[in-house]
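Raw contents of protein_31.cif, mmCIF, C-alpha atoms and all ligand atoms:
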data_start
loop_
_atom_site.label_atom_id
_atom_site.label_comp_id
_atom_site.auth_asym_id
_atom_site.auth_seq_id
_atom_site.Cartn_x
_atom_site.Cartn_y
_atom_site.Cartn_z
CA MET M 7 -16.56 -0.05 -15.17
CA LYS M 8 -15.34 -2.04 -12.18
CA ARG M 9 -14.05 -0.03 -9.24
CA MET M 10 -10.67 -0.40 -7.59
CA LEU M 11 -9.50 1.12 -4.35
CA SER M 12 -6.27 1.19 -2.43
CA ALA M 13 -4.18 3.31 -0.09
CA VAL M 14 -0.75 3.77 1.40
CA LYS M 15 -0.01 4.67 5.00
CA PRO M 16 3.02 6.96 4.80
CA THR M 17 4.25 6.64 8.38
CA GLY M 18 7.68 7.11 6.86
CA LYS M 19 9.03 7.90 3.47
CA LEU M 20 7.61 5.74 0.66
CA THR M 21 9.77 2.76 -0.23
CA LEU M 22 10.62 0.74 -3.30
CA GLY M 23 8.44 -1.99 -1.73
CA ASN M 24 5.44 0.37 -1.73
CA TYR M 25 6.17 1.26 -5.34
CA ILE M 26 6.63 -2.25 -6.68
CA GLY M 27 3.98 -3.97 -4.53
CA ALA M 28 1.34 -1.29 -4.82
CA ILE M 29 1.65 2.15 -6.44
CA ARG M 30 3.08 0.94 -9.75
CA ASN M 31 0.07 -1.35 -10.12
CA PHE M 32 -2.41 1.44 -9.38
CA VAL M 33 -0.87 3.32 -12.28
CA LYS M 34 -1.31 0.34 -14.61
CA TYR M 35 -4.89 -0.25 -13.52
CA GLN M 36 -6.10 3.37 -13.67
CA ASN M 37 -6.79 3.09 -17.40
CA ASP M 38 -9.13 0.13 -17.11
CA TYR M 39 -10.84 0.68 -13.75
CA GLU M 40 -12.48 3.45 -11.86
CA MET M 41 -9.59 4.09 -9.48
CA ILE M 42 -9.70 5.48 -5.96
CA VAL M 43 -6.41 5.91 -4.11
CA PHE M 44 -6.10 7.78 -0.85
CA ILE M 45 -3.48 8.66 1.72
CA ALA M 46 -4.28 6.75 4.89
CA ASN M 47 -3.34 9.43 7.42
CA LEU M 48 -5.64 8.00 10.12
CA HIS M 49 -3.80 4.70 9.83
CA CYS M 50 -0.50 6.56 10.28
CA ILE M 51 -1.27 7.63 13.81
CA THR M 52 -1.86 4.12 15.15
CA VAL M 53 1.82 4.51 16.06
CA TYR M 54 3.16 7.83 17.36
CA GLN M 55 4.46 10.11 14.62
CA GLU M 56 6.45 13.27 15.06
CA PRO M 57 3.87 15.81 13.74
CA GLU M 58 6.14 17.91 11.51
CA GLU M 59 7.71 14.85 9.97
CA LEU M 60 4.29 13.30 9.39
CA LYS M 61 3.06 16.41 7.57
CA LYS M 62 6.08 16.27 5.29
CA ASN M 63 5.59 12.55 4.61
CA LEU M 64 1.91 13.06 3.76
CA LYS M 65 2.67 15.84 1.28
CA ASP M 66 5.46 13.79 -0.23
CA ALA M 67 3.15 10.82 -0.57
CA ALA M 68 0.62 12.89 -2.52
CA ALA M 69 3.34 14.27 -4.78
CA LEU M 70 4.85 10.82 -5.22
CA TYR M 71 1.51 9.26 -6.17
CA MET M 72 1.44 11.67 -9.10
CA ALA M 73 5.17 11.41 -9.78
CA CYS M 74 4.77 7.63 -10.10
CA GLY M 75 2.13 8.20 -12.74
CA LEU M 76 -1.23 8.45 -11.00
CA ASP M 77 -3.25 10.88 -13.07
CA PRO M 78 -5.84 13.01 -11.21
CA GLU M 79 -8.00 12.95 -14.34
CA LYS M 80 -8.28 9.17 -14.06
CA THR M 81 -7.78 8.50 -10.36
CA THR M 82 -9.64 10.00 -7.42
CA MET M 83 -6.92 10.95 -4.92
CA PHE M 84 -7.52 12.37 -1.47
CA LEU M 85 -6.49 12.52 2.16
CA GLN M 86 -8.43 10.08 4.35
CA THR M 87 -9.36 12.66 7.01
CA ASP M 88 -10.91 14.91 4.37
CA VAL M 89 -13.69 12.33 4.13
CA MET M 90 -14.88 11.91 7.71
CA GLU M 91 -17.09 8.95 6.82
CA HIS M 92 -13.98 6.74 6.99
CA ALA M 93 -13.76 7.21 10.76
CA GLU M 94 -17.51 6.92 11.16
CA LEU M 95 -17.87 3.67 9.26
CA GLY M 96 -14.65 2.46 10.88
CA TYR M 97 -16.33 2.63 14.25
CA ILE M 98 -19.41 0.83 12.94
CA MET M 99 -17.18 -1.86 11.44
CA ALA M 100 -15.42 -2.27 14.80
CA CYS M 101 -18.84 -2.98 16.31
CA ASN M 102 -19.28 -5.73 13.73
CA THR M 103 -15.89 -7.38 14.17
CA TYR M 104 -15.04 -10.04 16.74
CA LEU M 105 -12.00 -9.82 19.00
CA GLY M 106 -11.05 -13.30 17.81
CA GLU M 107 -10.82 -12.01 14.24
CA LEU M 108 -8.53 -9.15 15.22
CA ASN M 109 -6.41 -11.51 17.34
CA ARG M 110 -5.75 -13.57 14.21
CA MET M 111 -4.29 -10.67 12.19
CA THR M 112 -0.65 -11.59 11.66
CA GLN M 113 0.66 -8.01 11.66
CA PHE M 114 -0.66 -7.46 15.17
CA LYS M 115 0.31 -10.95 16.31
CA ASP M 116 3.89 -10.37 15.13
CA LYS M 117 4.15 -7.16 17.11
CA MET M 118 2.78 -8.88 20.20
CA ALA M 119 5.16 -11.80 19.72
CA LYS M 120 8.10 -9.41 19.56
CA GLY M 121 6.99 -8.16 22.96
CA GLU M 122 6.59 -4.58 21.73
CA SER M 123 5.19 -2.47 24.51
CA GLY M 124 2.83 0.49 24.37
CA LEU M 125 0.79 -0.83 21.44
CA SER M 126 -2.26 1.37 20.89
CA ALA M 127 -5.90 0.30 20.72
CA GLY M 128 -5.98 1.99 17.30
CA LEU M 129 -3.34 -0.39 16.02
CA TYR M 130 -5.42 -3.33 17.19
CA THR M 131 -8.65 -2.13 15.58
CA TYR M 132 -7.01 -0.80 12.44
CA PRO M 133 -8.30 -3.63 10.22
CA CYS M 134 -11.83 -2.36 11.00
CA LEU M 135 -10.93 1.07 9.70
CA MET M 136 -9.37 -0.52 6.65
CA ALA M 137 -12.58 -2.49 6.08
CA ALA M 138 -14.52 0.77 6.22
CA ASP M 139 -12.09 2.40 3.75
CA ILE M 140 -12.88 -0.30 1.23
CA LEU M 141 -16.59 -0.89 1.87
CA LEU M 142 -17.50 2.81 1.77
CA TYR M 143 -16.91 2.81 -1.98
CA ASP M 144 -18.19 -0.62 -3.01
CA ALA M 145 -14.76 -1.46 -4.39
CA ASP M 146 -14.64 -4.56 -6.59
CA TYR M 147 -10.88 -5.00 -6.29
CA VAL M 148 -8.21 -3.94 -3.83
CA PRO M 149 -4.67 -4.06 -5.27
CA VAL M 150 -2.20 -4.62 -2.43
CA GLY M 151 1.09 -6.28 -1.56
CA ASP M 152 1.10 -9.68 0.07
CA ASP M 153 1.14 -8.36 3.65
CA GLN M 154 -2.23 -6.65 3.27
CA LYS M 155 -4.13 -9.57 1.75
CA GLN M 156 -5.30 -10.86 5.11
CA HIS M 157 -6.87 -7.49 5.91
CA VAL M 158 -8.84 -7.51 2.66
CA GLU M 159 -10.01 -11.03 3.41
CA LEU M 160 -11.20 -9.90 6.84
CA THR M 161 -13.01 -7.03 5.10
CA ARG M 162 -14.92 -9.60 3.04
CA ASP M 163 -15.88 -11.52 6.19
CA ILE M 164 -17.11 -8.39 7.94
CA ALA M 165 -19.07 -7.29 4.86
CA GLN M 166 -20.63 -10.72 4.47
CA ARG M 167 -21.68 -10.79 8.13
CA PHE M 168 -23.13 -7.29 7.89
CA ASN M 169 -25.08 -8.20 4.74
CA ASN M 170 -26.46 -11.31 6.45
CA ARG M 171 -27.51 -9.35 9.51
CA TYR M 172 -28.92 -6.24 7.92
CA GLY M 173 -29.58 -7.13 4.28
CA GLU M 174 -27.51 -6.52 1.16
CA THR M 175 -25.43 -3.39 1.84
CA PHE M 176 -21.81 -3.94 0.85
CA LYS M 177 -20.07 -5.34 -2.18
CA LEU M 178 -17.55 -8.06 -1.28
CA PRO M 179 -14.11 -6.86 -2.43
CA GLU M 180 -11.38 -9.05 -3.83
CA PRO M 181 -7.70 -8.57 -3.02
CA LEU M 182 -5.47 -8.32 -6.08
CA VAL M 183 -1.91 -9.37 -5.39
CA GLN M 184 0.60 -9.38 -8.24
CA GLN M 185 2.68 -12.53 -8.57
CA VAL M 186 5.94 -10.64 -9.07
CA GLY M 187 6.88 -8.04 -6.49
CA LYS M 188 4.23 -8.88 -3.92
CA ARG M 189 6.82 -8.91 -1.10
CA ILE M 190 10.08 -7.07 -1.62
CA MET M 191 12.53 -7.86 1.15
CA MET M 192 15.16 -5.82 3.00
CA LEU M 193 18.37 -5.67 0.97
CA ASN M 194 20.54 -6.50 3.97
CA ASP M 195 18.09 -8.97 5.52
CA PRO M 196 16.13 -10.86 2.86
CA TYR M 197 14.05 -12.64 5.50
CA HIS M 198 12.18 -9.44 6.38
CA LYS M 199 9.82 -7.32 4.30
CA MET M 200 11.28 -4.07 3.06
CA SER M 201 9.84 -1.31 5.19
CA LYS M 202 10.87 1.83 6.96
CA SER M 203 12.96 0.93 9.94
CA GLU M 204 14.59 3.17 12.50
CA ASN M 205 17.78 1.20 12.78
CA ASN M 206 18.06 -0.40 9.39
CA ASP M 207 18.10 2.25 6.68
CA LYS M 208 20.67 0.34 4.65
CA GLY M 209 18.22 -2.39 3.71
CA CYS M 210 15.45 -0.11 2.56
CA ILE M 211 15.31 1.98 -0.60
CA TYR M 212 13.26 5.15 -0.33
CA LEU M 213 11.82 6.73 -3.45
CA LEU M 214 13.38 10.04 -2.48
CA ASP M 215 16.81 8.64 -1.62
CA ASP M 216 19.80 10.16 -3.35
CA LEU M 217 20.48 8.09 -6.48
CA ASN M 218 24.06 7.35 -5.41
CA VAL M 219 22.81 6.12 -2.06
CA ILE M 220 20.39 3.79 -3.84
CA ARG M 221 23.24 2.41 -5.92
CA LYS M 222 25.35 1.83 -2.83
CA LYS M 223 22.51 0.10 -0.99
CA ILE M 224 22.00 -2.32 -3.87
CA MET M 225 25.71 -2.94 -4.35
CA SER M 226 26.00 -3.90 -0.68
CA ALA M 227 22.87 -6.10 -0.65
CA VAL M 228 23.33 -9.38 1.20
CA THR M 229 23.82 -12.37 -1.09
CA ASP M 230 25.32 -15.82 -0.36
CA SER M 231 28.39 -17.90 -0.99
CA TYR M 232 27.00 -20.10 -3.80
CA GLY M 233 28.35 -17.72 -6.43
CA GLU M 234 25.65 -18.57 -8.97
CA ILE M 235 22.61 -16.58 -10.06
CA LYS M 236 19.71 -18.98 -9.76
CA VAL M 237 16.01 -18.67 -8.95
CA ASP M 238 16.08 -20.36 -5.55
CA GLN M 239 14.24 -18.45 -2.86
CA GLU M 240 15.04 -20.94 -0.13
CA ARG M 241 18.81 -21.20 -0.58
CA GLN M 242 19.47 -17.79 -2.10
CA PRO M 243 16.93 -15.35 -0.65
CA GLY M 244 19.11 -12.28 -1.28
CA ILE M 245 19.66 -13.08 -4.96
CA TYR M 246 15.99 -14.04 -5.27
CA ASN M 247 14.96 -10.64 -3.93
CA LEU M 248 17.20 -8.83 -6.42
CA LEU M 249 15.79 -10.98 -9.24
CA GLU M 250 12.30 -10.11 -8.07
CA ILE M 251 13.06 -6.37 -8.10
CA TYR M 252 14.68 -6.58 -11.53
CA SER M 253 11.83 -8.66 -12.89
CA ALA M 254 9.12 -6.39 -11.51
CA LEU M 255 10.68 -3.31 -13.06
CA THR M 256 11.44 -4.82 -16.47
CA ASP M 257 8.68 -7.41 -16.96
CA ILE M 258 11.38 -9.97 -17.78
CA SER M 259 10.89 -13.25 -15.91
CA LYS M 260 13.29 -14.20 -13.11
CA GLU M 261 14.28 -17.33 -15.04
CA GLU M 262 15.22 -15.32 -18.12
CA ILE M 263 17.23 -12.88 -16.05
CA ALA M 264 19.04 -15.71 -14.28
CA ALA M 265 19.84 -17.26 -17.66
CA GLU M 266 21.18 -13.94 -18.93
CA PHE M 267 23.53 -13.66 -15.96
CA LYS M 268 24.61 -17.29 -15.95
CA GLY M 269 28.32 -17.54 -15.22
CA LYS M 270 28.58 -13.86 -14.32
CA GLY M 271 29.54 -12.53 -10.90
CA TYR M 272 27.23 -11.11 -8.25
CA GLY M 273 28.89 -7.69 -8.66
CA GLU M 274 27.89 -7.48 -12.29
CA PHE M 275 24.36 -8.61 -11.53
CA LYS M 276 23.96 -6.11 -8.70
CA LYS M 277 25.17 -3.33 -10.98
CA ALA M 278 22.50 -4.27 -13.52
CA VAL M 279 19.81 -4.27 -10.80
CA ALA M 280 21.06 -0.89 -9.57
CA ASP M 281 20.88 0.51 -13.12
CA VAL M 282 17.28 -0.59 -13.53
CA VAL M 283 16.20 0.74 -10.12
CA VAL M 284 18.05 4.04 -10.48
CA GLN M 285 16.62 4.59 -13.95
CA GLU M 286 13.08 4.09 -12.66
CA ILE M 287 13.49 6.20 -9.53
CA GLU M 288 15.29 8.98 -11.39
CA LYS M 289 12.19 9.46 -13.56
CA ILE M 290 9.97 9.53 -10.48
CA GLN M 291 12.18 12.07 -8.69
CA LYS M 292 12.29 14.34 -11.73
CA ARG M 293 8.51 14.40 -11.92
CA TYR M 294 8.27 14.77 -8.13
CA ASN M 295 10.37 17.95 -8.27
CA GLU M 296 8.17 19.36 -11.03
CA ILE M 297 4.99 18.61 -9.08
CA ILE M 298 6.34 20.30 -5.97
CA LYS M 299 7.16 23.38 -8.08
CA GLU M 300 3.77 23.34 -9.83
CA ASN M 301 2.10 23.51 -6.42
CA ILE M 302 -0.90 21.42 -7.48
CA ILE M 303 -1.19 18.95 -4.60
CA GLU M 304 -3.71 20.95 -2.60
CA ASP M 305 -6.11 21.30 -5.56
CA VAL M 306 -5.85 17.64 -6.53
CA LEU M 307 -6.56 16.46 -2.99
CA ASN M 308 -9.48 18.85 -2.52
CA GLU M 309 -11.10 17.83 -5.76
CA GLY M 310 -10.61 14.16 -4.94
CA ALA M 311 -12.11 14.59 -1.48
CA LEU M 312 -15.23 16.25 -2.92
CA LYS M 313 -15.82 13.34 -5.28
CA ALA M 314 -15.09 10.70 -2.65
CA HIS M 315 -17.26 12.41 -0.04
CA LYS M 316 -20.35 12.20 -2.26
CA MET M 317 -20.01 8.43 -2.50
CA ALA M 318 -19.02 7.92 1.14
CA PHE M 319 -21.83 10.06 2.55
CA LYS M 320 -24.49 8.11 0.66
CA LYS M 321 -23.05 4.82 1.84
CA VAL M 322 -22.78 5.77 5.51
CA LYS M 323 -26.35 7.04 5.58
CA LYS M 324 -27.54 3.79 4.05
CA VAL M 325 -25.63 1.84 6.71
CA GLU M 326 -27.02 3.97 9.53
CA ARG M 327 -30.58 3.44 8.32
CA LYS M 328 -30.00 -0.30 8.07
CA ILE M 329 -28.68 -0.61 11.60
CA GLY M 330 -31.31 1.70 13.03
CA ILE M 331 -29.26 4.61 14.36
CA ASP M 332 -30.49 7.19 11.84
CA ILE M 333 -34.03 8.33 12.64
CA HIS M 334 -34.26 11.32 10.28
CA LYS M 335 -36.66 11.32 7.38
CA ARG M 336 -34.71 11.69 4.18
CA LYS M 337 -35.81 11.61 0.59
P1 LIG X 401 1.23 0.13 3.81
O1 LIG X 401 1.31 1.62 3.87
O2 LIG X 401 1.99 -0.66 4.81
O3 LIG X 401 1.69 -0.32 2.37
C1 LIG X 401 1.13 0.24 1.21
C2 LIG X 401 1.09 -0.78 0.09
O4 LIG X 401 2.43 -1.20 -0.22
C3 LIG X 401 2.53 -2.60 -0.10
N1 LIG X 401 3.88 -2.92 0.41
C4 LIG X 401 4.72 -3.79 -0.16
N2 LIG X 401 4.60 -4.57 -1.26
C5 LIG X 401 5.66 -5.34 -1.59
N3 LIG X 401 6.81 -5.39 -0.85
C6 LIG X 401 6.97 -4.64 0.26
N4 LIG X 401 8.09 -4.70 0.95
C7 LIG X 401 5.88 -3.79 0.65
N5 LIG X 401 5.71 -2.93 1.68
C8 LIG X 401 4.47 -2.41 1.51
C9 LIG X 401 1.44 -3.00 0.88
O5 LIG X 401 1.08 -4.35 0.74
C10 LIG X 401 0.33 -2.05 0.51
O6 LIG X 401 -0.39 -2.53 -0.61
N6 LIG X 401 -3.26 -0.76 5.75
C11 LIG X 401 -2.56 -0.39 4.55
C12 LIG X 401 -3.04 0.90 3.96
C13 LIG X 401 -4.51 0.94 3.78
C14 LIG X 401 -5.24 0.31 2.72
C15 LIG X 401 -6.61 0.66 2.96
C16 LIG X 401 -4.87 -0.48 1.64
C17 LIG X 401 -5.40 1.59 4.56
N7 LIG X 401 -6.67 1.43 4.08
C18 LIG X 401 -7.62 0.19 2.10
C19 LIG X 401 -5.88 -0.93 0.78
C20 LIG X 401 -7.24 -0.60 1.02
C21 LIG X 401 -1.08 -0.27 4.86
O7 LIG X 401 -0.70 -0.08 5.98
O8 LIG X 401 -0.28 -0.33 3.78
#

Rewrite the coordinates I just gave you, this time as structure tokens.
Amino acid sequence: MKRMLSAVKPTGKLTLGNYIGAIRNFVKYQNDYEMIVFIANLHCITVYQEPEELKKNLKDAAALYMACGLDPEKTTMFLQTDVMEHAELGYIMACNTYLGELNRMTQFKDKMAKGESGLSAGLYTYPCLMAADILLYDADYVPVGDDQKQHVELTRDIAQRFNNRYGETFKLPEPLVQQVGKRIMMLNDPYHKMSKSENNDKGCIYLLDDLNVIRKKIMSAVTDSYGEIKVDQERQPGIYNLLEIYSALTDISKEEIAAEFKGKGYGEFKKAVADVVVQEIEKIQKRYNEIIKENIIEDVLNEGALKAHKMAFKKVKKVERKIGIDIHKRK
């Protein structure tokens, strides 16, 4: 069975973008692949997090993974820091990555371009840690949203270079990006990716938002003055984004949806999108509340970490022998 690996970095509350672009796909794939999904808590701290809030977000992320349908019987789920080999291989990967490669990462470049100050060294080297996350487990595929594709491609380059230098060690992973829902945009600013934002909560739907709030956010999504529901990302990015969300959650194509709403007003269309989103998130929240009550998160994460650690330990030792830093005799 081919192996698939992915992760989410819950620096904030999980969003509809995380769900559509990533988590929902993990759930679909878990039946056909050996699935590993972890909570990237080391990645979270590349930017300062208020500790109590971070703890809450990490627990919520674990509960939400399961609430969205990840089944611990099928998917290995764990907290990144419970498998220390991530940090260890991350450092080794950083020693095998060029500054030029990190300088080309668009996420970092964007932050630099915005003139953000106080960026940490961890944020800069984070693609090396992400490469380690993937290569530790010989993942065949890495399902991600569009914004993470570049990091998986860098992972391939690092792995290839390592294999050339030290002999075959790592499997080269492939990014898997779904056509529909790969980049959900802010509802009130369809030119920017939906993500947690300190001063723009209106544009972002959180999986644990009150259902009425979700409805309101969708009803006040930015549209345009054309007054027609068409699939035209360039001219109608707001409508396109709503079509994308609707399509991702129903598996109906954007064209079919646009045809269904031909001649109807934006208000009616938004209401239909809100219905679909609320229906989906209501199910997730119901299950989330049950999981919190059942108190099973700790056990699931511990069991997942044990399984993951076995694989990761073997891999790191192999790497250390290859590069010559392990001098112990082992069987
Ligand atoms: P993160 O936490 O930013 O996002 C988690 C996943 O959600 C996807 N995503 C989106 N997809 C569509 N539309 C959006 N608006 C949207 N926002 C987020 C992301 O593409 C991603 O798939 N570095 C990673 C976490 C990570 C990882 C890994 C992923 C750490 N190690 C190893 C895969 C393999 C990150 O920050 O994702």

Point to revise | Neighbourhood of ligand LIG 401 (chain X) at 8 Å, counting all atoms listed in the file, reported as a ChimeraX atom specification | key: /M:11-17,21-29,45-46,49-50,132-133,135-137,139-140,148-155,157-158,187-192,199-201

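Each of M:Gly233, M:Gly75, M:Gly209, M:Pro179 was compared to Ile164 in chain M using only C-alpha atoms, and M:Pro179 turns out to be the nearest.
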
Exercise for review: Using only C-alpha atoms, pick whichever of M:Ile51, M:Leu142, M:Gly269, M:Glu40 has the shortest atom-to-atom distance to Tyr232 in chain M.
Suggested key: M:Gly269

Exercise for review: Figure out the distance between CA of Thr131 in chain M and CA of Met99 in chain M, please, to one decimal in Å.
Suggested key: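 We find that CA of Met99 in chain M and CA of Thr131 in chain M lie 9.5 Å from each other.
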
Check your understanding: Nearest to Glu159 in chain M among M:Glu174, M:Asp116, M:Asp230, M:Glu107, with distances taken over all atoms listed in the file: which residue is it?
Key ->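 Closest residue, counting all atoms listed in the file: M:Glu107.
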
Practice item. Return the single residue from M:Ala280, M:Lys299, M:Gln156, M:Gly18 that is closest to Glu58 in chain M, with distances computed using all atoms listed in the file. Key: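 With all atoms listed in the file as the atom set, the closest residue is M:Gly18.
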
**Study point:** Asp146 in chain M surroundings by all atoms listed in the file, 10 Å radius, close-in-sequence under 2 positions cut, as a list in words
**Key:**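 Near neighbours after the sequence-gap exclusion: Met7, Lys8, Arg9, Met10, Leu11, Tyr39, Glu40, Ile140, Leu141, Tyr143, Asp144, Val148, Lys177, Leu178, Pro179, Glu180, Pro181 and Leu182 of chain M.
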
Review point. Nearest to Lys270 in chain M: which of M:Ile235, M:Asn295, M:Lys313, M:Asn247 is it, counting all atoms listed in the file?
Key: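 Among the listed residues, the smallest separation from Lys270 in chain M belongs to M:Ile235.
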
Practice item. Have a look at M:Met41, M:Val53, M:Asp195, M:Asp207 and name the one nearest to Gln242 in chain M; count only C-alpha atoms. Key: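 Among M:Met41, M:Val53, M:Asp195, M:Asp207, it is M:Asp195 that comes nearest to Gln242 in chain M.
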
Exercise for review: Figure out the distance between CA of Leu217 in chain M and CA of Tyr294 in chain M, please, to one decimal in Å.
Suggested key: 14.0 Å
